[in-house]
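**Student:** To start, I am sharing the structure in question, which I have written as structure tokens.
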Protein chains: 2
Amino acid sequence: MSKDPFTITIHMVSSLDGIIAKPDNSVAWFETKDHYEKGVSEPDTQEFLKNIDCYVMGSRTYEHALELSRNYGWAYGEVPTFVLSHRNLPVERPNVKIFNGDLTKLVDENLKPNYNNVWMVGGAALAKAFILQKLAHEIRMTVLPIILGEGLHFFDHIGQEQALHLKEVTPYKSGMVELWYEIRK
Amino acid sequence: MSKDPFTITIHMVSSLDGIIAKPDNSVAWFETKDHYEKGVSEPDTQEFLKNIDCYVMGSRTYEHALELSRNYGWAYGEVPTFVLSHRNLPVERPNVKIFNGDLTKLVDENLKPNYNNVWMVGGAALAKAFILQKLAHEIRMTVLPIILGEGLHFFDHIGQEQALHLKEVTPYKSGMVELWYEIRK
């Protein structure tokens with residue numbers, strides 16, 4: 001499989017109704033109680049994650065990750081992580097940088113020269129900016145077998161049509177389905 | 001595969017961002033320009049549809065279908081169709097009934113005794129009522145390879161969690177993916 005040398009992937013884990021965070025930010029819903037016999041086994045997360053050489057996230061996603069790190073550890077390991085924010089956020093790790101600037105500048109000056117496989121892990125506003133400014137190449141949406149009913153929607157009124165190309169569909173034994181798309185030029 | 005003798009299926013065709021109708025109600029986006037090599041061929045629609053022995057829809061879905069029927073014909077053929085509405089809507093076909101009453105009554109008195117395979121084809125408010133009142137058994141969501149950006153969302157703040165069981169995933173050559181769930185009791 002050929003691979004673009006520089007790829008920005010928008011990644012999200014969502015309920016069937018497109019929600020990525022519950023109002024109380026609890027994460028127990030990630031543990032599905034479903035079983036889909038025909039699905040593949042869950043990927044070896046460590047193996048999978050080691051292909052990612054940079055993370056990008058918005059400030060609220062970062063704050064949420066910091067909060068979760070108190071109980072579950074920091075989810076993004078030693079991988080360089082850029083947090084887009086105009087705010088003065090606490091930084092607790094040497095591999096985390098707060099970036100207070102233009103998205104195009106981040107991509108052209110910080111990401112493209114240094115990384116190949118960049119994952120944008122939230123939130124909705126930043127994903128919207130990446131899509132509207134045509135800066136992202138792929139979307140990987142993992143759909144969990146649940147309707148959450150309320151919370152934060154991933155796609156927050158993008159306001160513009162964007163054609164996609166289906167690249168891969170992977171159903172897992174846990175009932176999760178990963179939909180992997182290329183964003184068409 | 002065993003089959004529930006009486007099944008109400010909520011069916012929708014949606015963009016990746018969960019939109020089922022564009023603001024102008026145009027339907028050209030249903031014709032995907034994508035190609036997914038590993039997908040299966042499109043189903044024989046006539047063959048597929050003949051398993052459905054009753055449709056249920058809300059009033060605006062009905063009005064939209066009527067409007068489309070001027071150019072494309074009536075999409076639901078001779079199959080008995082119930083339109084839930086308190087309004088006095090025009091009826092142009094003998095197989096269409098306007099039902100002005102309680103949803104449970106519709107299911108218990110009109111659907112259950114007469115049909116096996118009932119499809120609820122829209123819209124969002126009616127789907128919500130079916131889910132909240134635990135009257136639907138399955139959800140089949142066909143995701144098209146596009147972000148629409150604005151329009152009518154299928155899941156309109158359900159307001160309640162609902163666990164699902166993944167029953168089948170079918171990717172098509174056109175880049176459509178059908179996600180088929182059972183609604184857990």
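Identifiers in the structure tokens: chain A, B, ... in order shown; residue index from 1 per chain; ligand index from 1 in order shown.
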Please identify every residue of chain A that has at least one atom no more than 6 Å from any atom of chain B, counting only C-alpha atoms, and report them as a ChimeraX atom specification.
**Tutor:** /A:17,34,145-150,155,157-166,175
**Student:** Hey, what's within 12 Å of Gly123 (chain A) if we count only C-alpha atoms and toss same-chain stuff fewer than 3 positions away? As an MDAnalysis selection string, please?
**Tutor:** chainID A and resid 10:14 19:21 56:65 83:85 119:120 126:130 152:156
**Student:** Which value, in Å to one decimal, gives the distance between CA of Tyr76 (chain A) and CA of Tyr55 (chain A)?
**Tutor:**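 Computing the Euclidean distance for CA of Tyr76 (chain A) and CA of Tyr55 (chain A) yields 7.8 Å.
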**Student:** Just how far from CA of Val107 (chain A) is CA of Glu138 (chain A), in Å to one decimal?
**Tutor:**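 Computing the Euclidean distance for CA of Glu138 (chain A) and CA of Val107 (chain A) yields 14.8 Å.
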**Student:** Once DSSP has gone over the backbone, tell me which residues of region 126-180 of chain B are in helix (DSSP H, G or I), as a list in words.
**Tutor:**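 Matching residues for helix (DSSP H, G or I) in region 126-180 of chain B are Leu126, Ala127, Lys128, Ala129, Phe130, Ile131 and Leu132 of chain B.
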**Student:** Quick one: write out the picked residues with C-alpha atoms as a PDB file, in the first residue's frame?
**Tutor:**
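What follows is the written file selection.pdb:
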ATOM      1  CA  LEU B 126     -40.104  10.132  14.583  1.00  0.00           C
ATOM      2  CA  ALA B 127     -36.905   8.081  14.868  1.00  0.00           C
ATOM      3  CA  LYS B 128     -36.315   9.694  18.236  1.00  0.00           C
ATOM      4  CA  ALA B 129     -39.820   8.750  19.378  1.00  0.00           C
ATOM      5  CA  PHE B 130     -39.353   5.151  18.213  1.00  0.00           C
ATOM      6  CA  ILE B 131     -36.035   4.874  20.055  1.00  0.00           C
ATOM      7  CA  LEU B 132     -37.177   6.567  23.275  1.00  0.00           C
TER       8      LEU B 132
END
**Student:** Residues of chain B classed as strand (DSSP E or B) by DSSP on the backbone are to be reported as a ChimeraX atom specification.
**Tutor:** /B:7-15,19-21,40,54-58,81-84,96-99,117-120,138-144,146-147,152-153,162-172,177-183
**Student:** So that I can check the surroundings of Asn95 (chain B), please list as a list in words every protein, DNA and RNA residue that reaches within 8 Å of it, counting only C-alpha atoms and ignoring chain neighbours fewer than 3 positions away.
**Tutor:**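 Residues meeting the cut-off are Glu78, Val79, Pro80 and Thr81 of chain B.
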**Student:** Let me see the file: selected residues, N, CA and C atoms, as a PDB file, in the first residue's frame.
**Tutor:**
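Once written, again.pdb looks like this:
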ATOM      1  N   GLU B  78     -46.014  -0.086  -4.036  1.00  0.00           N
ATOM      2  CA  GLU B  78     -47.372  -0.451  -3.613  1.00  0.00           C
ATOM      3  C   GLU B  78     -47.418  -0.843  -2.141  1.00  0.00           C
ATOM      4  N   VAL B  79     -46.275  -0.733  -1.486  1.00  0.00           N
ATOM      5  CA  VAL B  79     -46.179  -1.188  -0.085  1.00  0.00           C
ATOM      6  C   VAL B  79     -47.016  -0.284   0.829  1.00  0.00           C
ATOM      7  N   PRO B  80     -47.804  -0.872   1.719  1.00  0.00           N
ATOM      8  CA  PRO B  80     -48.588  -0.078   2.675  1.00  0.00           C
ATOM      9  C   PRO B  80     -47.697   0.896   3.443  1.00  0.00           C
ATOM     10  N   THR B  81     -48.117   2.138   3.527  1.00  0.00           N
ATOM     11  CA  THR B  81     -47.296   3.188   4.126  1.00  0.00           C
ATOM     12  C   THR B  81     -48.135   4.011   5.100  1.00  0.00           C
TER      13      THR B  81
END
**Student:** For the atom pair CA of Ala136 (chain B) and CA of Ile8 (chain B), what is the interatomic distance in Å to one decimal place?
**Tutor:** 5.0 Å
**Student:** Quick one: residues within 12 Å of Pro113 (chain A), only C-alpha atoms counted, chain neighbours fewer than 6 positions away excluded, as a ChimeraX atom specification?
**Tutor:** /A:5-7,54,105-107
**Student:** Now that the selection is made, can you save its residues with C-alpha atoms as a compact mmCIF listing (two decimals), in the first residue's frame?
**Tutor:**
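Writing done, so here's selection18.txt:
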# COMPACT_ATOMS: atom_id res chain seq x y z
CA PRO A 5 4.95 10.87 2.83
CA PHE A 6 3.17 13.56 4.86
CA THR A 7 -0.33 12.77 6.13
CA CYS A 54 3.05 13.76 16.05
CA LYS A 105 1.96 28.15 9.71
CA LEU A 106 1.83 25.21 12.12
CA VAL A 107 1.48 22.79 9.22
